[in-house]
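This report refers to the structure that appears directly beneath it.
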Amino acid sequence: MITVNPMDSASVLATFGALGVLVVIFAESGLLVFGFFLPGDTLLFPAGVLCAGTAQQAPRLVLWQVLLGAAVGAVVGGQVGFLLGRHGGRALLARTSKRGVRETAARAERLLARYGYGKALVIGRFIPMVRTVLHPAAGALGVPTRTFTIWQIVGGLLWSQSLVLAGYALGASVPDVDDFLLPLVALVVVISLLPLLPLLTEARRARRNR
């Protein structure tokens, strides 16, 4: 019997490879409460590393398959999340008992208000947790379907492909990069959280002014 921890990137990649990338990225991009806890950046970057071969080891995943799985998962997941938000997203967010989900939903709304639909949908793709809630929030807030679809495709492709290719480039150029994978993934996550800083600063300022 195969047991896989969907929150463990190494487990998903070792068991399902590119198919696991597609399924997890789909869920992380649009299934709100469930997808909120799944890996995104921490799955795509290591997947890219595993696509790179070295003199000592052949590639463990196929690059084009991972790129395709990441693209399909990101784009289809984002669109499903939007449709879920359009049809009952507000009620679902109101009913959830998870404080982290509610707070992230508020950040997603502030992101849409601060940057406008297009820029927010692209930037939001690169922010862990926010990207899961952003698409249902956009649906619940009535973002026009055409506008959402165009920009979520742009954001989804930029995010998914750039992280896989960054991992691939590093894996192909740095010997024994697997030994440094955890610190590198942590660095990717820290960098991806940087766009949240203006929103957190605004939220703190608003609380002080109450």
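Ordering of the structure tokens sets the chain letters (A, B, ...); residue numbers start at 1 within each chain; ligands are numbered from 1 in the order shown.
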
Wanna dump the region 2-67 of chain A-region 123-145 of chain A contacts at 10 Å for me, each residue with its shortest atom pair and the distance in Å to one decimal, counting only C-alpha atoms, ordered by chain and number, as a Markdown table?
| residue | atom | partner | partner_atom | distance |
| --- | --- | --- | --- | --- |
| A:Ile25 | CA | A:Thr132 | CA | 9.8 |
| A:Phe26 | CA | A:Thr132 | CA | 9.7 |
| A:Ala27 | CA | A:Thr132 | CA | 8.3 |
| A:Glu28 | CA | A:Thr132 | CA | 5.6 |
| A:Ser29 | CA | A:Thr132 | CA | 4.8 |
| A:Gly30 | CA | A:Thr132 | CA | 5.5 |
| A:Leu31 | CA | A:Thr132 | CA | 7.0 |
| A:Leu32 | CA | A:Thr132 | CA | 5.6 |
| A:Val33 | CA | A:Val133 | CA | 8.3 |
| A:Phe34 | CA | A:Thr132 | CA | 9.3 |
| A:Gly35 | CA | A:Thr132 | CA | 6.4 |
| A:Phe36 | CA | A:Met129 | CA | 5.6 |
| A:Phe37 | CA | A:Met129 | CA | 7.6 |
| A:Leu38 | CA | A:Met129 | CA | 8.7 |
| A:Pro39 | CA | A:Pro128 | CA | 8.5 |
| A:Gly40 | CA | A:Pro128 | CA | 7.2 |
| A:Asp41 | CA | A:Pro128 | CA | 7.4 |
| A:Thr42 | CA | A:Pro128 | CA | 9.6 |

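Closest approach to Ala166 (chain A) from the set A:Gly20, A:Val12, A:Pro46, A:Val154 is made by A:Pro46, with distances taken over only C-alpha atoms.
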
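Using only C-alpha atoms, the smallest distance between any of A:Gly118, A:Cys51, A:Val80, A:Trp151 and Trp64 (chain A) comes from A:Cys51.
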
If you count only C-alpha atoms, the residue of A:Gln65, A:Asn5, A:Thr149, A:Thr104 closest to Leu22 (chain A) turns out to be A:Gln65

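Compared by their closest atoms to Gln161 (chain A), and using only C-alpha atoms, the residues A:Leu44, A:Ala105, A:Val62, A:Leu111 rank with A:Leu44 nearest.
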
Work out how far apart CA of Gly48 (chain A) and CA of Ala18 (chain A) are and give it in Å to one decimal. 10.3 Å

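Shortest atom-to-atom contact with Leu63 (chain A) among A:Val21, A:Leu187, A:Leu84, A:Ala106: A:Val21, counting only C-alpha atoms.
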
For Gly73 (chain A), which of A:Gly17, A:Pro59, A:Gly116, A:Gly156 is the closest residue, counting only C-alpha atoms? A:Gly156

Report as an MDAnalysis selection string all protein, DNA and RNA residues lying within 8 Å of Phe45 (chain A), evaluated on only C-alpha atoms, omitting residues in the same chain fewer than 6 positions from it. chainID A and resid 163:168 185

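Distance-wise, CA of Gly85 (chain A) and CA of Trp159 (chain A) end up 21.5 Å apart.
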